[in-house]
file start00.pdb (PDB, C-alpha atoms)
ATOM      1  CA  GLN N   1     -11.579  87.204  68.787
ATOM      2  CA  VAL N   2      -9.097  86.632  65.962
ATOM      3  CA  GLN N   3      -5.617  85.168  66.231
ATOM      4  CA  LEU N   4      -3.170  85.777  63.409
ATOM      5  CA  VAL N   5      -0.001  83.915  62.471
ATOM      6  CA  GLU N   6       2.328  85.171  59.749
ATOM      7  CA  SER N   7       4.690  82.935  57.805
ATOM      8  CA  GLY N   8       6.739  82.967  54.629
ATOM      9  CA  GLY N   9       9.443  85.410  55.563
ATOM     10  CA  GLY N  10      13.110  84.748  54.956
ATOM     11  CA  LEU N  11      16.300  85.894  53.297
ATOM     12  CA  VAL N  12      16.187  86.671  49.592
ATOM     13  CA  GLN N  13      18.422  88.487  47.126
ATOM     14  CA  ALA N  14      17.362  91.780  45.608
ATOM     15  CA  GLY N  15      15.017  91.178  42.705
ATOM     16  CA  GLY N  16      13.668  88.007  44.253
ATOM     17  CA  SER N  17      10.210  87.140  45.500
ATOM     18  CA  LEU N  18       8.522  85.965  48.665
ATOM     19  CA  ARG N  19       4.926  85.190  49.541
ATOM     20  CA  LEU N  20       3.809  85.957  53.047
ATOM     21  CA  SER N  21       0.788  84.258  54.547
ATOM     22  CA  CYS N  22      -1.415  85.420  57.394
ATOM     23  CA  ALA N  23      -3.429  82.528  58.781
ATOM     24  CA  ALA N  24      -6.294  83.352  61.090
ATOM     25  CA  SER N  25      -8.410  81.551  63.609
ATOM     26  CA  GLY N  26     -11.853  82.799  64.482
ATOM     27  CA  ARG N  27     -15.159  82.764  62.657
ATOM     28  CA  THR N  28     -15.182  86.508  62.079
ATOM     29  CA  PHE N  29     -12.019  86.657  59.968
ATOM     30  CA  SER N  30     -13.937  86.334  56.721
ATOM     31  CA  ARG N  31     -15.703  89.586  57.657
ATOM     32  CA  ALA N  32     -12.514  91.405  58.707
ATOM     33  CA  ALA N  33     -10.536  93.925  56.711
ATOM     34  CA  VAL N  34      -6.863  92.978  56.817
ATOM     35  CA  GLY N  35      -3.733  95.022  56.506
ATOM     36  CA  TRP N  36      -0.028  94.334  56.185
ATOM     37  CA  PHE N  37       2.427  96.578  57.980
ATOM     38  CA  ARG N  38       6.190  96.497  58.322
ATOM     39  CA  GLN N  39       8.772  97.824  60.703
ATOM     40  CA  ALA N  40      12.424  98.213  59.860
ATOM     41  CA  PRO N  41      15.082  98.563  62.582
ATOM     42  CA  GLY N  42      15.047 102.039  64.062
ATOM     43  CA  LYS N  43      11.953 103.051  62.116
ATOM     44  CA  GLU N  44       8.274 103.360  62.874
ATOM     45  CA  ARG N  45       5.812 100.758  61.748
ATOM     46  CA  GLU N  46       4.460 101.648  58.327
ATOM     47  CA  PHE N  47       1.437 100.617  56.300
ATOM     48  CA  VAL N  48       2.116  98.372  53.310
ATOM     49  CA  ALA N  49      -1.213  97.118  51.923
ATOM     50  CA  SER N  50      -4.793  96.449  52.874
ATOM     51  CA  ILE N  51      -7.734  94.457  51.572
ATOM     52  CA  SER N  52     -11.420  94.747  52.294
ATOM     53  CA  TRP N  53     -13.176  91.761  53.768
ATOM     54  CA  GLY N  54     -15.059  91.228  50.536
ATOM     55  CA  GLY N  55     -11.733  91.149  48.731
ATOM     56  CA  SER N  56     -12.728  93.601  46.011
ATOM     57  CA  MET N  57     -10.885  96.634  47.354
ATOM     58  CA  LYS N  58      -7.126  96.804  47.772
ATOM     59  CA  TYR N  59      -4.737  99.595  48.566
ATOM     60  CA  TYR N  60      -0.946  99.847  48.561
ATOM     61  CA  VAL N  61       1.624 102.306  49.763
ATOM     62  CA  ASP N  62       3.323 103.929  46.792
ATOM     63  CA  SER N  63       6.680 102.284  47.455
ATOM     64  CA  VAL N  64       5.290  98.773  46.868
ATOM     65  CA  ARG N  65       2.564  99.385  44.322
ATOM     66  CA  ASP N  66       3.184  97.342  41.149
ATOM     67  CA  ARG N  67       5.533  95.016  43.083
ATOM     68  CA  PHE N  68       3.348  93.627  45.894
ATOM     69  CA  THR N  69      -0.071  92.016  45.643
ATOM     70  CA  ILE N  70      -2.453  91.408  48.514
ATOM     71  CA  ALA N  71      -5.086  88.697  48.239
ATOM     72  CA  ARG N  72      -7.325  86.662  50.503
ATOM     73  CA  ASP N  73      -8.901  83.246  50.588
ATOM     74  CA  ASN N  74     -11.733  83.433  53.088
ATOM     75  CA  ALA N  75     -12.421  79.722  52.754
ATOM     76  CA  ARG N  76      -8.926  79.115  54.131
ATOM     77  CA  ASN N  77      -9.001  82.070  56.546
ATOM     78  CA  THR N  78      -5.770  83.305  54.991
ATOM     79  CA  VAL N  79      -4.499  86.551  53.536
ATOM     80  CA  TYR N  80      -1.418  86.629  51.329
ATOM     81  CA  LEU N  81       1.142  89.229  50.391
ATOM     82  CA  GLN N  82       2.995  88.356  47.202
ATOM     83  CA  MET N  83       6.189  90.392  47.076
ATOM     84  CA  ASN N  84       8.096  90.607  43.796
ATOM     85  CA  SER N  85      11.135  92.606  42.706
ATOM     86  CA  LEU N  86      12.216  92.904  46.307
ATOM     87  CA  LYS N  87      14.638  95.651  47.266
ATOM     88  CA  PRO N  88      16.963  95.980  50.269
ATOM     89  CA  GLU N  89      14.715  98.749  51.586
ATOM     90  CA  ASP N  90      11.900  96.194  51.900
ATOM     91  CA  THR N  91      13.825  94.569  54.742
ATOM     92  CA  ALA N  92      11.631  94.638  57.843
ATOM     93  CA  VAL N  93       9.453  92.610  60.144
ATOM     94  CA  TYR N  94       6.101  92.223  58.421
ATOM     95  CA  TYR N  95       2.896  92.104  60.434
ATOM     96  CA  CYS N  96      -0.649  91.335  59.431
ATOM     97  CA  ALA N  97      -3.560  92.894  61.266
ATOM     98  CA  ALA N  98      -7.326  92.467  61.252
ATOM     99  CA  ARG N  99     -10.068  94.893  62.124
ATOM    100  CA  GLY N 100     -12.950  93.770  64.275
ATOM    101  CA  GLY N 101     -16.517  95.006  64.249
ATOM    102  CA  TYR N 102     -19.110  95.390  61.507
ATOM    103  CA  TYR N 103     -18.632  97.499  58.384
ATOM    104  CA  SER N 104     -19.030  97.403  54.658
ATOM    105  CA  SER N 105     -17.358  94.682  52.622
ATOM    106  CA  THR N 106     -15.633  97.390  50.580
ATOM    107  CA  TYR N 107     -14.052  99.420  53.382
ATOM    108  CA  LEU N 108     -10.259  99.738  53.595
ATOM    109  CA  TYR N 109      -8.112 100.868  56.508
ATOM    110  CA  ARG N 110      -4.575 102.230  56.409
ATOM    111  CA  ASP N 111      -3.856 103.353  59.942
ATOM    112  CA  SER N 112      -2.481 100.906  62.480
ATOM    113  CA  SER N 113      -4.938 102.284  65.050
ATOM    114  CA  ASP N 114      -7.806 101.000  62.883
ATOM    115  CA  TYR N 115      -6.806  97.394  63.554
ATOM    116  CA  ASP N 116      -7.672  95.343  66.602
ATOM    117  CA  PHE N 117      -5.755  92.087  66.142
ATOM    118  CA  TRP N 118      -2.108  91.609  65.252
ATOM    119  CA  GLY N 119       0.193  88.745  64.435
ATOM    120  CA  GLN N 120       3.660  88.263  65.865
ATOM    121  CA  GLY N 121       5.432  89.233  62.648
ATOM    122  CA  THR N 122       7.730  87.522  60.166
ATOM    123  CA  GLN N 123      11.196  88.734  59.208
ATOM    124  CA  VAL N 124      11.943  89.616  55.598
ATOM    125  CA  THR N 125      15.555  90.333  54.726
ATOM    126  CA  VAL N 126      16.582  91.409  51.234
ATOM    127  CA  SER N 127      20.286  91.342  50.467
ATOM    128  CA  SER N 128      21.878  93.571  47.840
TER     129      SER N 128
END

call {"tool": "encode", "arguments": {"input": "start00.pdb", "output": "structure tokens"}}
result
Amino acid sequence: QVQLVESGGGLVQAGGSLRLSCAASGRTFSRAAVGWFRQAPGKEREFVASISWGGSMKYYVDSVRDRFTIARDNARNTVYLQMNSLKPEDTAVYYCAARGGYYSSTYLYRDSSDYDFWGQGTQVTVSS
């Protein structure tokens, strides 16, 4: 079992930066692929970024590539999402998710149905 807690959200002006953290409890987190998703008001939840449990593989949705960076520190059971050059369209509740089970350290997952554990979300608001 893995419990996830997101933090680091807030209100920022366009062009600014935020770093989200996803802190996990549970011994299996270091072997879990992790993804970040977001949901804006009136919209479906969308994939943002993912990282393999080994940390070597990362994937981003096109709209955030070159602006966001996902990273993990397995010693601290934490995954980060560094968000730079934020835009008003990045405004959403951001969720981290972890996949259970056993799989290669290089596997990535982009679909929300691939993830078993979810955090409660953190609000990111970007003003224009």

call {"tool": "resolve_selection", "arguments": {"input": "start00.pdb", "expression": "the PyMOL selection byres ((chain N and resi 98) around 6)", "output": "ChimeraX atom specification"}}
result
/N:32-34,97,99,115,117

call {"tool": "closest_residue", "arguments": {"input": "start00.pdb", "among": "N:Val124, N:Ala23, N:Ile51, N:Leu4", "to": "Pro88 (chain N)", "atoms": "all atoms listed in the file"}}
result
N:Val124

call {"tool": "closest_residue", "arguments": {"input": "start00.pdb", "among": "N:Cys22, N:Tyr109, N:Met83, N:Ala40", "to": "Arg65 (chain N)", "atoms": "only C-alpha atoms"}}
result
N:Met83

call {"tool": "resolve_selection", "arguments": {"input": "start00.pdb", "expression": "the PyMOL selection byres ((chain N and resi 56-64) around 12)", "output": "VMD selection string"}}
result
chain N and resid 33 to 38 46 to 55 65 to 73 81 to 87 89 to 90 104 to 111

call {"tool": "write_last_selection", "arguments": {"input": "start00.pdb", "atoms": "C-alpha atoms", "output": "PDB file, in the frame of the given file"}}
result
ATOM      1  CA  ALA N  33     -10.536  93.925  56.711  1.00  0.00           C
ATOM      2  CA  VAL N  34      -6.863  92.978  56.817  1.00  0.00           C
ATOM      3  CA  GLY N  35      -3.733  95.022  56.506  1.00  0.00           C
ATOM      4  CA  TRP N  36      -0.028  94.334  56.185  1.00  0.00           C
ATOM      5  CA  PHE N  37       2.427  96.578  57.980  1.00  0.00           C
ATOM      6  CA  ARG N  38       6.190  96.497  58.322  1.00  0.00           C
ATOM      7  CA  GLU N  46       4.460 101.648  58.327  1.00  0.00           C
ATOM      8  CA  PHE N  47       1.437 100.617  56.300  1.00  0.00           C
ATOM      9  CA  VAL N  48       2.116  98.372  53.310  1.00  0.00           C
ATOM     10  CA  ALA N  49      -1.213  97.118  51.923  1.00  0.00           C
ATOM     11  CA  SER N  50      -4.793  96.449  52.874  1.00  0.00           C
ATOM     12  CA  ILE N  51      -7.734  94.457  51.572  1.00  0.00           C
ATOM     13  CA  SER N  52     -11.420  94.747  52.294  1.00  0.00           C
ATOM     14  CA  TRP N  53     -13.176  91.761  53.768  1.00  0.00           C
ATOM     15  CA  GLY N  54     -15.059  91.228  50.536  1.00  0.00           C
ATOM     16  CA  GLY N  55     -11.733  91.149  48.731  1.00  0.00           C
ATOM     17  CA  ARG N  65       2.564  99.385  44.322  1.00  0.00           C
ATOM     18  CA  ASP N  66       3.184  97.342  41.149  1.00  0.00           C
ATOM     19  CA  ARG N  67       5.533  95.016  43.083  1.00  0.00           C
ATOM     20  CA  PHE N  68       3.348  93.627  45.894  1.00  0.00           C
ATOM     21  CA  THR N  69      -0.071  92.016  45.643  1.00  0.00           C
ATOM     22  CA  ILE N  70      -2.453  91.408  48.514  1.00  0.00           C
ATOM     23  CA  ALA N  71      -5.086  88.697  48.239  1.00  0.00           C
ATOM     24  CA  ARG N  72      -7.325  86.662  50.503  1.00  0.00           C
ATOM     25  CA  ASP N  73      -8.901  83.246  50.588  1.00  0.00           C
ATOM     26  CA  LEU N  81       1.142  89.229  50.391  1.00  0.00           C
ATOM     27  CA  GLN N  82       2.995  88.356  47.202  1.00  0.00           C
ATOM     28  CA  MET N  83       6.189  90.392  47.076  1.00  0.00           C
ATOM     29  CA  ASN N  84       8.096  90.607  43.796  1.00  0.00           C
ATOM     30  CA  SER N  85      11.135  92.606  42.706  1.00  0.00           C
ATOM     31  CA  LEU N  86      12.216  92.904  46.307  1.00  0.00           C
ATOM     32  CA  LYS N  87      14.638  95.651  47.266  1.00  0.00           C
ATOM     33  CA  GLU N  89      14.715  98.749  51.586  1.00  0.00           C
ATOM     34  CA  ASP N  90      11.900  96.194  51.900  1.00  0.00           C
ATOM     35  CA  SER N 104     -19.030  97.403  54.658  1.00  0.00           C
ATOM     36  CA  SER N 105     -17.358  94.682  52.622  1.00  0.00           C
ATOM     37  CA  THR N 106     -15.633  97.390  50.580  1.00  0.00           C
ATOM     38  CA  TYR N 107     -14.052  99.420  53.382  1.00  0.00           C
ATOM     39  CA  LEU N 108     -10.259  99.738  53.595  1.00  0.00           C
ATOM     40  CA  TYR N 109      -8.112 100.868  56.508  1.00  0.00           C
ATOM     41  CA  ARG N 110      -4.575 102.230  56.409  1.00  0.00           C
ATOM     42  CA  ASP N 111      -3.856 103.353  59.942  1.00  0.00           C
TER      43      ASP N 111
END

call {"tool": "closest_residue", "arguments": {"input": "start00.pdb", "among": "N:Phe29, N:Ser7, N:Gly101, N:Asn74", "to": "Thr122 (chain N)", "atoms": "all atoms listed in the file"}}
result
N:Ser7

call {"tool": "resolve_selection", "arguments": {"input": "start00.pdb", "expression": "the PyMOL selection byres ((chain N and resi 10) around 12)", "output": "PyMOL selection string"}}
result
chain N and resi 6-9+11-13+16-20+83+86+90-94+121-127

call {"tool": "atom_distance", "arguments": {"input": "start00.pdb", "atom1": "CA of Val79 (chain N)", "atom2": "CA of Gln1 (chain N)"}}
result
16.8 Å

call {"tool": "decode", "arguments": {"input": "start00.pdb", "residues": "chain N", "atoms": "C-alpha atoms", "output": "PDB file, in the first residue's frame"}}
result
ATOM      1  CA  GLN N   1       0.000   0.000   0.000  1.00  0.00           C
ATOM      2  CA  VAL N   2       1.232   3.494  -0.861  1.00  0.00           C
ATOM      3  CA  GLN N   3      -0.113   6.784   0.441  1.00  0.00           C
ATOM      4  CA  LEU N   4       0.685   9.952  -1.468  1.00  0.00           C
ATOM      5  CA  VAL N   5       0.591  13.575  -0.348  1.00  0.00           C
ATOM      6  CA  GLU N   6       1.121  16.438  -2.784  1.00  0.00           C
ATOM      7  CA  SER N   7       2.354  19.872  -1.759  1.00  0.00           C
ATOM      8  CA  GLY N   8       3.843  22.984  -3.300  1.00  0.00           C
ATOM      9  CA  GLY N   9       0.864  24.347  -5.150  1.00  0.00           C
ATOM     10  CA  GLY N  10      -0.190  27.968  -4.966  1.00  0.00           C
ATOM     11  CA  LEU N  11      -0.872  31.163  -6.853  1.00  0.00           C
ATOM     12  CA  VAL N  12       1.801  32.425  -9.221  1.00  0.00           C
ATOM     13  CA  GLN N  13       1.962  34.960 -12.036  1.00  0.00           C
ATOM     14  CA  ALA N  14       2.416  33.852 -15.619  1.00  0.00           C
ATOM     15  CA  GLY N  15       6.069  33.172 -16.315  1.00  0.00           C
ATOM     16  CA  GLY N  16       6.715  32.133 -12.742  1.00  0.00           C
ATOM     17  CA  SER N  17       7.746  28.807 -11.280  1.00  0.00           C
ATOM     18  CA  LEU N  18       6.525  26.297  -8.738  1.00  0.00           C
ATOM     19  CA  ARG N  19       7.880  22.982  -7.522  1.00  0.00           C
ATOM     20  CA  LEU N  20       5.372  20.346  -6.576  1.00  0.00           C
ATOM     21  CA  SER N  21       6.309  17.502  -4.275  1.00  0.00           C
ATOM     22  CA  CYS N  22       4.699  14.096  -3.940  1.00  0.00           C
ATOM     23  CA  ALA N  23       5.689  12.474  -0.664  1.00  0.00           C
ATOM     24  CA  ALA N  24       4.951   8.800  -0.248  1.00  0.00           C
ATOM     25  CA  SER N  25       4.684   6.344   2.574  1.00  0.00           C
ATOM     26  CA  GLY N  26       5.196   2.661   1.981  1.00  0.00           C
ATOM     27  CA  ARG N  27       8.252   0.549   1.303  1.00  0.00           C
ATOM     28  CA  THR N  28       7.292  -0.160  -2.293  1.00  0.00           C
ATOM     29  CA  PHE N  29       7.358   3.450  -3.496  1.00  0.00           C
ATOM     30  CA  SER N  30      10.968   3.217  -4.612  1.00  0.00           C
ATOM     31  CA  ARG N  31       9.851   0.474  -7.020  1.00  0.00           C
ATOM     32  CA  ALA N  32       6.782   2.366  -8.279  1.00  0.00           C
ATOM     33  CA  ALA N  33       6.431   4.305 -11.498  1.00  0.00           C
ATOM     34  CA  VAL N  34       4.922   7.702 -10.739  1.00  0.00           C
ATOM     35  CA  GLY N  35       2.866  10.058 -12.811  1.00  0.00           C
ATOM     36  CA  TRP N  36       1.580  13.598 -12.476  1.00  0.00           C
ATOM     37  CA  PHE N  37      -1.881  14.432 -13.749  1.00  0.00           C
ATOM     38  CA  ARG N  38      -3.948  17.594 -13.656  1.00  0.00           C
ATOM     39  CA  GLN N  39      -7.581  18.519 -13.850  1.00  0.00           C
ATOM     40  CA  ALA N  40      -8.842  21.966 -14.710  1.00  0.00           C
ATOM     41  CA  PRO N  41     -12.408  23.058 -13.882  1.00  0.00           C
ATOM     42  CA  GLY N  42     -14.879  21.543 -16.306  1.00  0.00           C
ATOM     43  CA  LYS N  43     -12.230  19.406 -17.979  1.00  0.00           C
ATOM     44  CA  GLU N  44     -11.155  15.799 -17.779  1.00  0.00           C
ATOM     45  CA  ARG N  45      -8.082  14.768 -15.884  1.00  0.00           C
ATOM     46  CA  GLU N  46      -5.073  14.801 -18.180  1.00  0.00           C
ATOM     47  CA  PHE N  47      -1.616  13.268 -18.072  1.00  0.00           C
ATOM     48  CA  VAL N  48       1.260  15.672 -17.452  1.00  0.00           C
ATOM     49  CA  ALA N  49       4.447  13.659 -16.847  1.00  0.00           C
ATOM     50  CA  SER N  50       5.695  10.301 -15.691  1.00  0.00           C
ATOM     51  CA  ILE N  51       8.907   8.774 -14.402  1.00  0.00           C
ATOM     52  CA  SER N  52      10.021   5.181 -14.201  1.00  0.00           C
ATOM     53  CA  TRP N  53      10.852   3.771 -10.811  1.00  0.00           C
ATOM     54  CA  GLY N  54      14.513   3.615 -11.734  1.00  0.00           C
ATOM     55  CA  GLY N  55      14.346   7.296 -12.602  1.00  0.00           C
ATOM     56  CA  SER N  56      16.035   6.958 -15.983  1.00  0.00           C
ATOM     57  CA  MET N  57      12.927   7.250 -18.141  1.00  0.00           C
ATOM     58  CA  LYS N  58      10.707  10.315 -18.237  1.00  0.00           C
ATOM     59  CA  TYR N  59       7.857  11.375 -20.448  1.00  0.00           C
ATOM     60  CA  TYR N  60       5.922  14.624 -20.811  1.00  0.00           C
ATOM     61  CA  VAL N  61       2.791  15.752 -22.547  1.00  0.00           C
ATOM     62  CA  ASP N  62       3.684  18.078 -25.401  1.00  0.00           C
ATOM     63  CA  SER N  63       2.157  21.141 -23.755  1.00  0.00           C
ATOM     64  CA  VAL N  64       4.631  21.046 -20.844  1.00  0.00           C
ATOM     65  CA  ARG N  65       7.726  19.582 -22.447  1.00  0.00           C
ATOM     66  CA  ASP N  66      10.698  21.961 -22.087  1.00  0.00           C
ATOM     67  CA  ARG N  67       8.921  23.778 -19.224  1.00  0.00           C
ATOM     68  CA  PHE N  68       8.302  21.037 -16.633  1.00  0.00           C
ATOM     69  CA  THR N  69      10.775  18.557 -15.190  1.00  0.00           C
ATOM     70  CA  ILE N  70       9.906  15.425 -13.262  1.00  0.00           C
ATOM     71  CA  ALA N  71      12.436  13.915 -10.878  1.00  0.00           C
ATOM     72  CA  ARG N  72      12.519  11.516  -7.959  1.00  0.00           C
ATOM     73  CA  ASP N  73      14.518  10.954  -4.822  1.00  0.00           C
ATOM     74  CA  ASN N  74      13.858   7.386  -3.754  1.00  0.00           C
ATOM     75  CA  ALA N  75      15.868   7.848  -0.576  1.00  0.00           C
ATOM     76  CA  ARG N  76      13.318  10.473   0.464  1.00  0.00           C
ATOM     77  CA  ASN N  77      10.329   8.660  -1.070  1.00  0.00           C
ATOM     78  CA  THR N  78       9.511  11.826  -2.991  1.00  0.00           C
ATOM     79  CA  VAL N  79       8.801  12.740  -6.587  1.00  0.00           C
ATOM     80  CA  TYR N  80       9.009  16.336  -7.767  1.00  0.00           C
ATOM     81  CA  LEU N  81       7.513  18.318 -10.599  1.00  0.00           C
ATOM     82  CA  GLN N  82       9.452  21.491 -11.333  1.00  0.00           C
ATOM     83  CA  MET N  83       7.223  23.827 -13.318  1.00  0.00           C
ATOM     84  CA  ASN N  84       8.793  26.813 -15.065  1.00  0.00           C
ATOM     85  CA  SER N  85       7.412  29.428 -17.448  1.00  0.00           C
ATOM     86  CA  LEU N  86       3.941  28.787 -16.119  1.00  0.00           C
ATOM     87  CA  LYS N  87       0.963  29.817 -18.218  1.00  0.00           C
ATOM     88  CA  PRO N  88      -2.654  30.506 -17.232  1.00  0.00           C
ATOM     89  CA  GLU N  89      -3.652  27.303 -19.021  1.00  0.00           C
ATOM     90  CA  ASP N  90      -1.558  25.348 -16.502  1.00  0.00           C
ATOM     91  CA  THR N  91      -4.109  26.240 -13.835  1.00  0.00           C
ATOM     92  CA  ALA N  92      -5.509  23.008 -12.413  1.00  0.00           C
ATOM     93  CA  VAL N  93      -5.487  20.645  -9.485  1.00  0.00           C
ATOM     94  CA  TYR N  94      -2.355  18.537  -9.802  1.00  0.00           C
ATOM     95  CA  TYR N  95      -2.335  14.923  -8.669  1.00  0.00           C
ATOM     96  CA  CYS N  96       0.471  12.440  -8.312  1.00  0.00           C
ATOM     97  CA  ALA N  97      -0.151   8.741  -8.764  1.00  0.00           C
ATOM     98  CA  ALA N  98       1.854   5.565  -8.256  1.00  0.00           C
ATOM     99  CA  ARG N  99       1.577   2.202  -9.923  1.00  0.00           C
ATOM    100  CA  GLY N 100       1.714  -0.936  -7.845  1.00  0.00           C
ATOM    101  CA  GLY N 101       2.998  -4.347  -8.829  1.00  0.00           C
ATOM    102  CA  TYR N 102       6.269  -5.557 -10.323  1.00  0.00           C
ATOM    103  CA  TYR N 103       7.689  -4.354 -13.634  1.00  0.00           C
ATOM    104  CA  SER N 104      10.850  -3.116 -15.223  1.00  0.00           C
ATOM    105  CA  SER N 105      12.675  -0.125 -13.783  1.00  0.00           C
ATOM    106  CA  THR N 106      12.411   1.564 -17.181  1.00  0.00           C
ATOM    107  CA  TYR N 107       8.664   1.265 -17.776  1.00  0.00           C
ATOM    108  CA  LEU N 108       6.532   4.409 -18.098  1.00  0.00           C
ATOM    109  CA  TYR N 109       2.767   4.781 -17.861  1.00  0.00           C
ATOM    110  CA  ARG N 110       0.607   7.572 -19.245  1.00  0.00           C
ATOM    111  CA  ASP N 111      -2.949   6.438 -18.669  1.00  0.00           C
ATOM    112  CA  SER N 112      -4.682   7.184 -15.388  1.00  0.00           C
ATOM    113  CA  SER N 113      -6.034   3.618 -15.362  1.00  0.00           C
ATOM    114  CA  ASP N 114      -2.446   2.342 -15.098  1.00  0.00           C
ATOM    115  CA  TYR N 115      -2.086   3.829 -11.618  1.00  0.00           C
ATOM    116  CA  ASP N 116      -3.282   2.305  -8.379  1.00  0.00           C
ATOM    117  CA  PHE N 117      -2.611   4.981  -5.757  1.00  0.00           C
ATOM    118  CA  TRP N 118      -3.502   8.657  -5.864  1.00  0.00           C
ATOM    119  CA  GLY N 119      -2.887  11.720  -3.767  1.00  0.00           C
ATOM    120  CA  GLN N 120      -5.515  14.268  -2.813  1.00  0.00           C
ATOM    121  CA  GLY N 121      -4.215  16.923  -5.198  1.00  0.00           C
ATOM    122  CA  THR N 122      -2.728  20.396  -4.882  1.00  0.00           C
ATOM    123  CA  GLN N 123      -4.121  23.522  -6.520  1.00  0.00           C
ATOM    124  CA  VAL N 124      -1.981  25.470  -8.968  1.00  0.00           C
ATOM    125  CA  THR N 125      -3.325  28.811 -10.132  1.00  0.00           C
ATOM    126  CA  VAL N 126      -1.487  30.904 -12.710  1.00  0.00           C
ATOM    127  CA  SER N 127      -2.660  34.477 -13.130  1.00  0.00           C
ATOM    128  CA  SER N 128      -2.216  36.415 -16.364  1.00  0.00           C
TER     129      SER N 128
END
